[in-house]
Amino acid sequence: MIYEIALLPVHKERIEMFRHAFAEVAPLLTRAKGYGGHFLAQGIEPPQQFNLIVRWASLEDHTPGFEESEDHRLFMRGLEEYFSEEPRVYHIQEAAFSAGEHDESNSTVSLGNAGASRDLWF
């Protein structure tokens with residue numbers, strides 16, 4: 001399991017239109033081979049910075065898989081007019097992280113398996 005993290009800079013005056021456009025193209029993403037969920041989060045500072053985090057079964061499912069597909073081309077075509085600059089994308093491996101030192105039983109949480117975080121994934 002890996003995560004794609006896409007930093008999506010959106011023109012400030014087009015934020016609401018971007019949200020609607022993303023909702024329209026999201027089904028192209030969700031039907032991709034290896035897709036395991038996603039969430040789109042708007043930055044607080046700056047609010048025109050969106051973070052798209054997608055869970056993939058493998059790096060190959062995202063790239064070359066989805067990225068070389070017609071669905072990806074249509075996905076990007078539906079969003080590109082809202083970007084203020086080229087999005088940046090990188091990947092991380094699923095890994096446990098420390099949530100705090102005060103309680104040993106709750107000190108490690110897996111992003112992919114934490115019940116509390118499941119509600120965030122579409």
# chains A, B, ... in the order shown; residues from 1 in each chain; ligands from 1
>>> residues_around(residues="region 54-60 of chain A", least_positions_apart="6", cutoff="12 Å", atoms="only C-alpha atoms", output="ChimeraX atom specification")
/A:1-7,26,29-41,66-68,89-94,111-113,118,120-122
>>> residues_around(residues="Ile15 (chain A)", least_positions_apart="5", cutoff="8 Å", atoms="only C-alpha atoms", output="ChimeraX atom specification")
/A:10,48,82
>>> residues_around(residues="Phe83 (chain A)", least_positions_apart="6", cutoff="10 Å", atoms="only C-alpha atoms", output="CSV table (one decimal) with C-alpha atoms, in the first residue's frame")
chain,number,residue,atom,x,y,z
A,8,LEU,CA,-2.7,21.3,-6.1
A,9,PRO,CA,-2.3,25.0,-6.2
A,10,VAL,CA,-5.7,26.6,-7.2
A,11,HIS,CA,-6.4,30.2,-8.4
A,12,LYS,CA,-7.8,31.9,-5.3
A,14,ARG,CA,-11.6,29.8,-8.6
A,15,ILE,CA,-11.7,27.7,-5.3
A,18,PHE,CA,-12.4,23.7,-8.5
A,48,GLN,CA,-5.8,28.0,-2.4
A,49,GLN,CA,-3.5,25.0,-1.7
>>> closest_residue(among="A:Pro87, A:Gly78, A:Gly65, A:Ala95", to="Met17 (chain A)", atoms="only C-alpha atoms")
A:Gly78
>>> select_by_dssp(residues="region 9-105 of chain A", states="strand (DSSP E)", output="list in words")
Pro9, Tyr35, Gly36, Gly37, His38, Phe39, Leu40, Ala41, Gln42, Gln49, Phe50, Asn51, Leu52, Ile53, Val54, Arg55, Trp56, Arg88, Val89, Tyr90, His91, Ile92, Gln93, Ala96, Phe97 and Ser98 of chain A
>>> write_last_selection(atoms="N, CA and C atoms", output="PDB file, in the first residue's frame")
ATOM      1  N   PRO A   9      -2.160  23.610  -6.396  1.00  0.00           N
ATOM      2  CA  PRO A   9      -2.327  25.050  -6.221  1.00  0.00           C
ATOM      3  C   PRO A   9      -3.454  25.573  -7.120  1.00  0.00           C
ATOM      4  N   TYR A  35      -6.960   1.458  -6.876  1.00  0.00           N
ATOM      5  CA  TYR A  35      -7.450   2.578  -6.081  1.00  0.00           C
ATOM      6  C   TYR A  35      -7.985   2.063  -4.748  1.00  0.00           C
ATOM      7  N   GLY A  36      -7.624   2.740  -3.657  1.00  0.00           N
ATOM      8  CA  GLY A  36      -8.072   2.304  -2.340  1.00  0.00           C
ATOM      9  C   GLY A  36      -8.704   3.386  -1.499  1.00  0.00           C
ATOM     10  N   GLY A  37      -8.997   4.540  -2.071  1.00  0.00           N
ATOM     11  CA  GLY A  37      -9.622   5.639  -1.349  1.00  0.00           C
ATOM     12  C   GLY A  37      -8.827   6.922  -1.539  1.00  0.00           C
ATOM     13  N   HIS A  38      -9.484   8.029  -1.250  1.00  0.00           N
ATOM     14  CA  HIS A  38      -8.809   9.322  -1.365  1.00  0.00           C
ATOM     15  C   HIS A  38      -9.480  10.337  -0.461  1.00  0.00           C
ATOM     16  N   PHE A  39      -8.775  11.409  -0.201  1.00  0.00           N
ATOM     17  CA  PHE A  39      -9.427  12.595   0.339  1.00  0.00           C
ATOM     18  C   PHE A  39      -8.749  13.835  -0.192  1.00  0.00           C
ATOM     19  N   LEU A  40      -9.561  14.868  -0.291  1.00  0.00           N
ATOM     20  CA  LEU A  40      -9.106  16.161  -0.782  1.00  0.00           C
ATOM     21  C   LEU A  40      -9.246  17.131   0.371  1.00  0.00           C
ATOM     22  N   ALA A  41      -8.133  17.760   0.766  1.00  0.00           N
ATOM     23  CA  ALA A  41      -8.142  18.683   1.903  1.00  0.00           C
ATOM     24  C   ALA A  41      -7.657  20.053   1.454  1.00  0.00           C
ATOM     25  N   GLN A  42      -8.403  21.072   1.845  1.00  0.00           N
ATOM     26  CA  GLN A  42      -8.026  22.443   1.531  1.00  0.00           C
ATOM     27  C   GLN A  42      -7.112  22.976   2.622  1.00  0.00           C
ATOM     28  N   GLN A  49      -4.287  26.224  -1.559  1.00  0.00           N
ATOM     29  CA  GLN A  49      -3.474  25.004  -1.688  1.00  0.00           C
ATOM     30  C   GLN A  49      -4.322  23.802  -1.266  1.00  0.00           C
ATOM     31  N   PHE A  50      -4.588  22.911  -2.205  1.00  0.00           N
ATOM     32  CA  PHE A  50      -5.320  21.685  -1.896  1.00  0.00           C
ATOM     33  C   PHE A  50      -4.336  20.525  -1.870  1.00  0.00           C
ATOM     34  N   ASN A  51      -4.636  19.546  -1.043  1.00  0.00           N
ATOM     35  CA  ASN A  51      -3.833  18.333  -0.938  1.00  0.00           C
ATOM     36  C   ASN A  51      -4.744  17.159  -1.261  1.00  0.00           C
ATOM     37  N   LEU A  52      -4.395  16.450  -2.301  1.00  0.00           N
ATOM     38  CA  LEU A  52      -5.123  15.239  -2.664  1.00  0.00           C
ATOM     39  C   LEU A  52      -4.260  14.067  -2.237  1.00  0.00           C
ATOM     40  N   ILE A  53      -4.809  13.224  -1.396  1.00  0.00           N
ATOM     41  CA  ILE A  53      -4.097  12.034  -0.942  1.00  0.00           C
ATOM     42  C   ILE A  53      -4.885  10.821  -1.413  1.00  0.00           C
ATOM     43  N   VAL A  54      -4.209   9.982  -2.185  1.00  0.00           N
ATOM     44  CA  VAL A  54      -4.850   8.801  -2.768  1.00  0.00           C
ATOM     45  C   VAL A  54      -4.114   7.559  -2.293  1.00  0.00           C
ATOM     46  N   ARG A  55      -4.865   6.599  -1.827  1.00  0.00           N
ATOM     47  CA  ARG A  55      -4.296   5.310  -1.412  1.00  0.00           C
ATOM     48  C   ARG A  55      -4.333   4.369  -2.616  1.00  0.00           C
ATOM     49  N   TRP A  56      -3.173   3.795  -2.937  1.00  0.00           N
ATOM     50  CA  TRP A  56      -3.036   2.853  -4.058  1.00  0.00           C
ATOM     51  C   TRP A  56      -2.496   1.523  -3.542  1.00  0.00           C
ATOM     52  N   ARG A  88       2.356  19.339  -7.893  1.00  0.00           N
ATOM     53  CA  ARG A  88       3.501  18.500  -7.538  1.00  0.00           C
ATOM     54  C   ARG A  88       2.971  17.227  -6.903  1.00  0.00           C
ATOM     55  N   VAL A  89       3.579  16.105  -7.274  1.00  0.00           N
ATOM     56  CA  VAL A  89       3.129  14.800  -6.795  1.00  0.00           C
ATOM     57  C   VAL A  89       4.322  14.022  -6.264  1.00  0.00           C
ATOM     58  N   TYR A  90       4.118  13.374  -5.121  1.00  0.00           N
ATOM     59  CA  TYR A  90       5.112  12.445  -4.604  1.00  0.00           C
ATOM     60  C   TYR A  90       4.386  11.308  -3.912  1.00  0.00           C
ATOM     61  N   HIS A  91       5.136  10.277  -3.540  1.00  0.00           N
ATOM     62  CA  HIS A  91       4.559   9.071  -2.964  1.00  0.00           C
ATOM     63  C   HIS A  91       5.224   8.749  -1.633  1.00  0.00           C
ATOM     64  N   ILE A  92       4.441   8.154  -0.739  1.00  0.00           N
ATOM     65  CA  ILE A  92       4.977   7.652   0.524  1.00  0.00           C
ATOM     66  C   ILE A  92       4.472   6.230   0.721  1.00  0.00           C
ATOM     67  N   GLN A  93       5.228   5.467   1.495  1.00  0.00           N
ATOM     68  CA  GLN A  93       4.796   4.112   1.843  1.00  0.00           C
ATOM     69  C   GLN A  93       3.900   4.173   3.058  1.00  0.00           C
ATOM     70  N   ALA A  96       3.465   2.959  10.069  1.00  0.00           N
ATOM     71  CA  ALA A  96       2.946   3.380  11.362  1.00  0.00           C
ATOM     72  C   ALA A  96       3.673   4.643  11.790  1.00  0.00           C
ATOM     73  N   PHE A  97       3.014   5.451  12.603  1.00  0.00           N
ATOM     74  CA  PHE A  97       3.657   6.634  13.143  1.00  0.00           C
ATOM     75  C   PHE A  97       3.250   6.790  14.599  1.00  0.00           C
ATOM     76  N   SER A  98       4.022   7.520  15.330  1.00  0.00           N
ATOM     77  CA  SER A  98       3.756   7.728  16.738  1.00  0.00           C
ATOM     78  C   SER A  98       2.715   8.815  16.903  1.00  0.00           C
TER      79      SER A  98
END
>>> decode(residues="region 43-86 of chain A", atoms="N, CA and C atoms", output="JSON list (two decimals), in the first residue's frame")
[["chain", "number", "residue", "atom", "x", "y", "z"],
["A", 43, "GLY", "N", -6.07, 23.68, 2.22],
["A", 43, "GLY", "CA", -5.15, 24.27, 3.17],
["A", 43, "GLY", "C", -5.80, 25.39, 3.97],
["A", 44, "ILE", "N", -5.30, 25.60, 5.16],
["A", 44, "ILE", "CA", -5.74, 26.73, 5.97],
["A", 44, "ILE", "C", -4.92, 27.95, 5.59],
["A", 45, "GLU", "N", -3.61, 27.74, 5.53],
["A", 45, "GLU", "CA", -2.74, 28.79, 5.01],
["A", 45, "GLU", "C", -1.75, 28.13, 4.05],
["A", 46, "PRO", "N", -1.91, 28.36, 2.82],
["A", 46, "PRO", "CA", -2.91, 29.20, 2.15],
["A", 46, "PRO", "C", -4.14, 28.38, 1.74],
["A", 47, "PRO", "N", -5.32, 28.99, 1.73],
["A", 47, "PRO", "CA", -6.55, 28.25, 1.37],
["A", 47, "PRO", "C", -6.61, 27.83, -0.09],
["A", 48, "GLN", "N", -5.77, 28.40, -0.94],
["A", 48, "GLN", "CA", -5.77, 28.00, -2.35],
["A", 48, "GLN", "C", -4.89, 26.78, -2.61],
["A", 49, "GLN", "N", -4.29, 26.22, -1.56],
["A", 49, "GLN", "CA", -3.47, 25.00, -1.69],
["A", 49, "GLN", "C", -4.32, 23.80, -1.27],
["A", 50, "PHE", "N", -4.59, 22.91, -2.21],
["A", 50, "PHE", "CA", -5.32, 21.68, -1.90],
["A", 50, "PHE", "C", -4.34, 20.53, -1.87],
["A", 51, "ASN", "N", -4.64, 19.55, -1.04],
["A", 51, "ASN", "CA", -3.83, 18.33, -0.94],
["A", 51, "ASN", "C", -4.74, 17.16, -1.26],
["A", 52, "LEU", "N", -4.40, 16.45, -2.30],
["A", 52, "LEU", "CA", -5.12, 15.24, -2.66],
["A", 52, "LEU", "C", -4.26, 14.07, -2.24],
["A", 53, "ILE", "N", -4.81, 13.22, -1.40],
["A", 53, "ILE", "CA", -4.10, 12.03, -0.94],
["A", 53, "ILE", "C", -4.89, 10.82, -1.41],
["A", 54, "VAL", "N", -4.21, 9.98, -2.18],
["A", 54, "VAL", "CA", -4.85, 8.80, -2.77],
["A", 54, "VAL", "C", -4.11, 7.56, -2.29],
["A", 55, "ARG", "N", -4.87, 6.60, -1.83],
["A", 55, "ARG", "CA", -4.30, 5.31, -1.41],
["A", 55, "ARG", "C", -4.33, 4.37, -2.62],
["A", 56, "TRP", "N", -3.17, 3.79, -2.94],
["A", 56, "TRP", "CA", -3.04, 2.85, -4.06],
["A", 56, "TRP", "C", -2.50, 1.52, -3.54],
["A", 57, "ALA", "N", -2.89, 0.43, -4.17],
["A", 57, "ALA", "CA", -2.38, -0.89, -3.81],
["A", 57, "ALA", "C", -0.88, -0.98, -4.06],
["A", 58, "SER", "N", -0.40, -0.31, -5.13],
["A", 58, "SER", "CA", 1.03, -0.32, -5.45],
["A", 58, "SER", "C", 1.38, 0.95, -6.21],
["A", 59, "LEU", "N", 2.65, 1.27, -6.24],
["A", 59, "LEU", "CA", 3.12, 2.42, -7.02],
["A", 59, "LEU", "C", 2.77, 2.23, -8.49],
["A", 60, "GLU", "N", 2.91, 1.01, -8.98],
["A", 60, "GLU", "CA", 2.64, 0.72, -10.38],
["A", 60, "GLU", "C", 1.18, 0.96, -10.75],
["A", 61, "ASP", "N", 0.26, 0.79, -9.78],
["A", 61, "ASP", "CA", -1.14, 1.07, -10.07],
["A", 61, "ASP", "C", -1.35, 2.56, -10.34],
["A", 62, "HIS", "N", -0.58, 3.40, -9.66],
["A", 62, "HIS", "CA", -0.69, 4.83, -9.92],
["A", 62, "HIS", "C", 0.11, 5.25, -11.15],
["A", 63, "THR", "N", 1.39, 4.88, -11.11],
["A", 63, "THR", "CA", 2.27, 5.23, -12.22],
["A", 63, "THR", "C", 3.14, 4.03, -12.58],
["A", 64, "PRO", "N", 2.99, 3.51, -13.74],
["A", 64, "PRO", "CA", 2.36, 4.07, -14.92],
["A", 64, "PRO", "C", 0.85, 3.86, -15.01],
["A", 65, "GLY", "N", 0.27, 2.93, -14.27],
["A", 65, "GLY", "CA", -1.15, 2.57, -14.36],
["A", 65, "GLY", "C", -2.11, 3.70, -14.67],
["A", 66, "PHE", "N", -2.59, 4.37, -13.63],
["A", 66, "PHE", "CA", -3.58, 5.43, -13.81],
["A", 66, "PHE", "C", -3.02, 6.60, -14.61],
["A", 67, "GLU", "N", -1.80, 7.00, -14.34],
["A", 67, "GLU", "CA", -1.24, 8.19, -15.00],
["A", 67, "GLU", "C", -1.14, 8.06, -16.51],
["A", 68, "GLU", "N", -1.04, 6.87, -17.03],
["A", 68, "GLU", "CA", -0.96, 6.68, -18.48],
["A", 68, "GLU", "C", -2.31, 6.34, -19.11],
["A", 69, "SER", "N", -3.37, 6.40, -18.33],
["A", 69, "SER", "CA", -4.69, 6.00, -18.82],
["A", 69, "SER", "C", -5.46, 7.18, -19.41],
["A", 70, "GLU", "N", -6.46, 6.85, -20.20],
["A", 70, "GLU", "CA", -7.37, 7.85, -20.74],
["A", 70, "GLU", "C", -8.15, 8.51, -19.61],
["A", 71, "ASP", "N", -8.51, 7.75, -18.58],
["A", 71, "ASP", "CA", -9.22, 8.33, -17.44],
["A", 71, "ASP", "C", -8.39, 9.41, -16.76],
["A", 72, "HIS", "N", -7.08, 9.21, -16.65],
["A", 72, "HIS", "CA", -6.22, 10.24, -16.05],
["A", 72, "HIS", "C", -6.19, 11.49, -16.93],
["A", 73, "ARG", "N", -6.11, 11.30, -18.22],
["A", 73, "ARG", "CA", -6.11, 12.44, -19.14],
["A", 73, "ARG", "C", -7.39, 13.25, -18.97],
["A", 74, "LEU", "N", -8.53, 12.58, -18.88],
["A", 74, "LEU", "CA", -9.81, 13.27, -18.70],
["A", 74, "LEU", "C", -9.91, 13.91, -17.30],
["A", 75, "PHE", "N", -9.37, 13.23, -16.30],
["A", 75, "PHE", "CA", -9.34, 13.74, -14.93],
["A", 75, "PHE", "C", -8.58, 15.07, -14.90],
["A", 76, "MET", "N", -7.40, 15.08, -15.50],
["A", 76, "MET", "CA", -6.59, 16.29, -15.50],
["A", 76, "MET", "C", -7.20, 17.38, -16.38],
["A", 77, "ARG", "N", -7.77, 17.00, -17.50],
["A", 77, "ARG", "CA", -8.41, 17.99, -18.37],
["A", 77, "ARG", "C", -9.54, 18.72, -17.62],
["A", 78, "GLY", "N", -10.24, 17.99, -16.75],
["A", 78, "GLY", "CA", -11.33, 18.60, -15.99],
["A", 78, "GLY", "C", -10.86, 19.53, -14.88],
["A", 79, "LEU", "N", -9.58, 19.45, -14.51],
["A", 79, "LEU", "CA", -9.07, 20.26, -13.40],
["A", 79, "LEU", "C", -8.04, 21.31, -13.79],
["A", 80, "GLU", "N", -7.35, 21.11, -14.90],
["A", 80, "GLU", "CA", -6.17, 21.92, -15.19],
["A", 80, "GLU", "C", -6.44, 23.42, -15.29],
["A", 81, "GLU", "N", -7.61, 23.82, -15.70],
["A", 81, "GLU", "CA", -7.89, 25.25, -15.82],
["A", 81, "GLU", "C", -7.93, 25.96, -14.47],
["A", 82, "TYR", "N", -8.04, 25.21, -13.39],
["A", 82, "TYR", "CA", -8.12, 25.80, -12.05],
["A", 82, "TYR", "C", -6.76, 25.94, -11.38],
["A", 83, "PHE", "N", -5.75, 25.28, -11.92],
["A", 83, "PHE", "CA", -4.42, 25.31, -11.29],
["A", 83, "PHE", "C", -3.70, 26.62, -11.59],
["A", 84, "SER", "N", -3.11, 27.18, -10.54],
["A", 84, "SER", "CA", -2.32, 28.41, -10.71],
["A", 84, "SER", "C", -0.89, 28.10, -11.12],
["A", 85, "GLU", "N", -0.47, 26.87, -10.91],
["A", 85, "GLU", "CA", 0.83, 26.38, -11.38],
["A", 85, "GLU", "C", 0.75, 24.87, -11.45],
["A", 86, "GLU", "N", 1.81, 24.27, -11.94],
["A", 86, "GLU", "CA", 1.85, 22.81, -12.12],
["A", 86, "GLU", "C", 1.74, 22.11, -10.75]]
